[in-house]
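Participant: You'll find work_18.txt just under this line, and it carries compact mmCIF, C-alpha atoms.
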# COMPACT_ATOMS: atom_id res chain seq x y z
CA MET A 22 142.37 130.90 92.75
CA ARG A 23 142.89 132.69 96.02
CA LYS A 24 140.49 133.07 98.89
CA PHE A 25 140.81 135.65 101.64
CA PRO A 26 139.24 135.19 105.05
CA GLN A 27 137.55 137.73 107.23
CA TYR A 28 139.85 138.30 110.18
CA LYS A 29 139.85 140.11 113.50
CA SER A 30 142.58 141.21 115.86
CA PRO A 31 144.85 139.77 117.10
CA VAL A 32 145.99 138.37 113.78
CA LYS A 33 148.07 135.19 113.93
CA LEU A 34 149.21 133.32 110.82
CA ASN A 35 150.06 129.67 110.22
CA LEU A 36 152.04 129.43 106.97
CA GLY A 37 152.23 126.18 105.01
CA CYS A 38 149.46 124.59 107.03
CA ALA A 39 148.62 121.73 104.62
CA GLY A 40 146.01 119.67 106.48
CA LYS A 41 146.83 120.97 109.98
CA TRP A 42 144.65 123.92 110.96
CA PRO A 43 145.10 125.14 114.51
CA GLU A 44 142.23 127.27 115.75
CA GLY A 45 142.66 130.95 116.47
CA VAL A 46 145.01 131.52 113.53
CA ILE A 47 144.64 132.22 109.83
CA ASN A 48 145.79 129.01 108.16
CA ILE A 49 147.53 129.61 104.82
CA ASP A 50 148.89 127.28 102.15
CA ASN A 51 149.51 127.56 98.42
CA GLU A 52 147.40 124.41 97.87
CA ASP A 53 143.69 124.40 98.66
CA TYR A 54 143.09 121.97 101.52
CA GLY A 55 139.97 123.82 102.68
CA GLN A 56 141.98 126.11 104.99
CA ASP A 57 141.29 129.82 105.59
CA MET A 58 143.45 131.23 102.80
CA VAL A 59 145.03 129.94 99.60
CA TRP A 60 148.17 132.00 99.04
CA ASP A 61 151.75 131.46 97.88
CA VAL A 62 154.03 133.12 100.44
CA THR A 63 156.68 133.65 97.76
CA ASP A 64 154.30 136.39 96.51
CA GLY A 65 154.64 138.18 99.87
CA LEU A 66 152.15 138.29 102.73
CA PRO A 67 148.84 140.01 101.91
CA PHE A 68 148.55 141.87 105.21
CA PRO A 69 149.21 145.52 106.10
CA ASP A 70 152.42 146.66 107.77
CA ASN A 71 152.51 146.12 111.55
CA SER A 72 149.23 144.18 111.60
CA VAL A 73 150.19 140.65 112.71
CA GLU A 74 150.92 139.44 116.25
CA GLU A 75 152.49 136.08 115.38
CA ILE A 76 153.58 134.00 112.41
CA GLN A 77 154.14 130.29 112.83
CA THR A 78 155.30 127.72 110.34
CA SER A 79 156.10 124.05 110.70
CA HIS A 80 158.09 122.14 108.12
CA MET A 81 157.49 124.69 105.37
CA ILE A 82 160.53 127.00 105.15
CA GLU A 83 162.80 124.17 103.96
CA HIS A 84 160.69 124.06 100.77
CA LEU A 85 161.92 127.58 99.96
CA ASP A 86 165.42 128.28 98.71
CA ASP A 87 167.69 130.61 100.70
CA ASP A 88 166.65 133.74 98.76
CA GLN A 89 162.95 132.93 99.15
CA SER A 90 163.49 132.27 102.87
CA LEU A 91 165.19 135.63 103.25
CA ASP A 92 162.30 137.32 101.40
CA LEU A 93 159.81 135.58 103.69
CA LEU A 94 161.64 136.88 106.76
CA LYS A 95 161.62 140.40 105.31
CA GLU A 96 157.87 140.11 104.78
CA ALA A 97 157.42 138.73 108.29
CA PHE A 98 159.25 141.77 109.65
CA ARG A 99 157.06 144.08 107.59
CA VAL A 100 153.72 142.64 108.75
CA LEU A 101 154.62 141.85 112.37
CA LYS A 102 153.84 144.36 115.08
CA LYS A 103 156.63 145.41 117.43
CA GLY A 104 157.08 142.51 119.84
CA GLY A 105 155.49 140.08 117.38
CA CYS A 106 157.12 136.68 116.85
CA PHE A 107 158.09 134.53 113.90
CA ILE A 108 158.13 130.91 115.11
CA CYS A 109 159.57 128.23 112.84
CA LEU A 110 160.06 124.48 113.11
CA THR A 111 162.12 122.95 110.30
CA PRO A 112 164.21 119.80 109.89
CA HIS A 113 167.66 120.19 111.42
CA ILE A 114 170.44 119.69 108.88
CA HIS A 115 171.74 116.69 110.86
CA GLN A 116 168.42 114.83 110.68
CA PRO A 117 167.61 112.45 107.81
CA THR A 118 164.39 114.35 107.03
CA ALA A 119 166.44 117.43 106.10
CA ILE A 120 167.50 115.87 102.81
CA TYR A 121 164.07 114.80 101.53
CA PHE A 122 163.32 115.57 97.88
CA GLY A 123 161.65 118.93 97.58
CA HIS A 124 163.71 120.55 100.32
CA LYS A 125 165.60 123.52 98.95
CA SER A 126 167.25 124.95 102.08
CA PHE A 127 168.94 123.43 105.09
CA TRP A 128 168.89 124.79 108.62
CA ASN A 129 170.85 124.66 111.86
CA GLU A 130 171.50 126.96 114.82
CA ALA A 131 174.58 128.56 113.23
CA LYS A 132 172.60 129.51 110.12
CA ILE A 133 170.04 131.40 112.23
CA ASP A 134 172.79 133.20 114.15
CA ALA A 135 174.56 134.13 110.90
CA LEU A 136 171.33 135.19 109.24
CA MET A 137 170.60 137.67 112.01
CA ARG A 138 174.17 139.07 111.85
CA ILE A 139 174.71 139.13 108.10
CA HIS A 140 171.31 140.22 106.83
CA PRO A 141 170.23 143.25 108.86
CA LYS A 142 168.00 144.31 105.97
CA ILE A 143 165.41 141.75 107.00
CA GLY A 144 164.67 143.97 109.96
CA GLU A 145 165.51 144.10 113.61
CA PHE A 146 164.71 140.76 115.16
CA GLU A 147 166.13 139.26 118.30
CA ILE A 148 166.61 135.53 118.59
CA VAL A 149 164.40 134.32 121.43
CA GLN A 150 164.91 130.61 120.80
CA ASN A 151 167.26 128.65 118.52
CA ILE A 152 167.50 125.00 119.52
CA LYS A 153 167.77 121.53 118.04
CA MET A 154 164.86 119.34 119.11
CA ASP A 155 163.90 115.73 118.42
CA ASP A 156 161.63 116.79 115.55
CA GLY A 157 163.83 119.52 114.08
CA LEU A 158 165.22 122.98 114.62
CA LEU A 159 162.97 125.41 116.47
CA PHE A 160 163.72 129.08 116.17
CA ARG A 161 161.72 132.03 117.41
CA LEU A 162 162.47 135.60 116.36
CA ARG A 163 160.90 138.69 117.96
CA LYS A 164 160.53 142.00 116.17
CA ILE A 165 162.18 144.63 118.36
CA LYS A 166 161.48 147.83 116.36
Please rewrite the model in this file as structure tokens.
Facilitator:
Amino acid sequence: MRKFPQYKSPVKLNLGCAGKWPEGVINIDNEDYGQDMVWDVTDGLPFPDNSVEEIQTSHMIEHLDDDQSLDLLKEAFRVLKKGGCFICLTPHIHQPTAIYFGHKSFWNEAKIDALMRIHPKIGEFEIVQNIKMDDGLLFRLRKIK
């Protein structure tokens, strides 16, 4: 079962929201917690090209394997407007929470740098932020074309 919300501009997405639903964004999760949209992001993002201002995710991308993560970034590039940002908080590989059961990918600053160099097919992003924090790795990518 999938439900699609009515939405207005500017469109901002919160992927993998679980029970946390910030206001002013379309909250999306593959489980139905009562959020705006039930959708599995491994099926792509159901939004038109160049229609989204911002995509945020917190402690979700580590539940995707590397190929699924790469596909998500390609989809983010497709739906983001020029200048739009993909903002991600994930456990840092050196933190104990990184190795929880269910985590399929592991993240650090070098992986983000390498990802942007090695995989230009995801689109043209610039790294705005890529830092280890107390609660994980925070990276912010901006679509430049």
Participant: Compare A:Gly37, A:Gly45, A:Gly105, A:Gly55 by their minimum atom-to-atom distance to Ile82 (chain A), counting all atoms listed in the file, and give me the closest one.
Facilitator: A:Gly37
Participant: Give one line per residue of region 88-138 of chain A that approaches region 58-68 of chain A to at most 12 Å, naming the two atoms of the closest pair and their distance in Å to one decimal, counting all atoms listed in the file; sort by chain then ascending residue number and deliver it as a tab-separated table.
Facilitator:
residue	atom	partner	partner_atom	distance
A:Asp88	CA	A:Thr63	CA	10.0
A:Gln89	CA	A:Thr63	CA	6.5
A:Ser90	CA	A:Thr63	CA	8.6
A:Leu91	CA	A:Thr63	CA	10.3
A:Asp92	CA	A:Thr63	CA	7.6
A:Leu93	CA	A:Gly65	CA	6.9
A:Leu94	CA	A:Gly65	CA	9.9
A:Lys95	CA	A:Gly65	CA	9.1
A:Glu96	CA	A:Gly65	CA	6.2
A:Ala97	CA	A:Leu66	CA	7.7
A:Phe98	CA	A:Leu66	CA	10.5
A:Arg99	CA	A:Leu66	CA	9.0
A:Val100	CA	A:Phe68	CA	6.3
A:Leu101	CA	A:Phe68	CA	9.4
A:Lys102	CA	A:Phe68	CA	11.5
Participant: With only C-alpha atoms as the atoms that count, which of A:Pro117, A:Pro112, A:Pro31, A:Pro43 lies nearest to Glu75 (chain A)?
Facilitator: A:Pro31
Participant: Identify, on the basis of all atoms listed in the file, every residue whose closest approach to Leu110 (chain A) does not exceed 8 Å; exclude the query and any residue fewer than 4 positions from it along the same chain; express the result as a ChimeraX atom specification.
Facilitator: /A:78-80,157-160
Participant: Pick the closest to Ile120 (chain A) from A:Asn35, A:Asp50, A:His84, A:Glu74: which is it, counting all atoms listed in the file?
Facilitator: A:His84
Participant: Pick from A:Cys109, A:Ile76, A:Ala119, A:Val46: nearest to Gln150 (chain A), with all atoms listed in the file counted?
Facilitator: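 Once distances to Gln150 (chain A) are computed over all atoms listed in the file, the minimum belongs to A:Cys109.
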Participant: When you draw a straight line from CA of Asp155 (chain A) to CA of Lys132 (chain A), how long is it in Å?
Facilitator: 18.3 Å
Participant: Rounded to one decimal place, report the CA of Lys33 (chain A)-CA of Leu162 (chain A) distance in Å.
Facilitator: 14.6 Å
Participant: Which of these residues is nearest to Arg161 (chain A), using all atoms listed in the file: A:Gln77, A:Leu136, A:His115, A:Leu85?
Facilitator: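 Ranked by minimum distance to Arg161 (chain A), first place goes to A:Gln77.
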Participant: Taking (164.6, 140.8, 115.1) in the file's coordinates as the center, which residues reach within 9 Å of it, counting only C-alpha atoms, put as an MDAnalysis selection string?
Facilitator: chainID A and resid 98 106 137 141 143:148 162:166
Participant: What does the distance between CA of Glu83 (chain A) and CA of His113 (chain A) come to in Å, to one decimal place?
Facilitator: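 If I compute the distance from CA of Glu83 (chain A) to CA of His113 (chain A), I get 9.8 Å.
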Participant: Find the residue from A:Asn129, A:Asp86, A:His140, A:Val73 that sits nearest to Phe107 (chain A); use all atoms listed in the file when measuring.
Facilitator: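 When distances to Phe107 (chain A) are compared using all atoms listed in the file, the smallest one comes from A:Val73.
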Participant: Contacts of Cys38 (chain A) at 7 Å or less, counting all atoms listed in the file, minus same-chain residues fewer than 2 places along, as a PyMOL selection string?
Facilitator: chain A and resi 35-36+40-42+48-50
Participant: Starting from 3 Å padding per side, set up an axis-aligned box that covers all listed atoms of region 120-134 of chain A and hand over centre and edge lengths in Å, one decimal, as AutoDock Vina command-line options.
Facilitator:
--center_x 168.1 --center_y 124.0 --center_z 106.2 --size_x 18.9 --size_y 24.4 --size_z 23.2
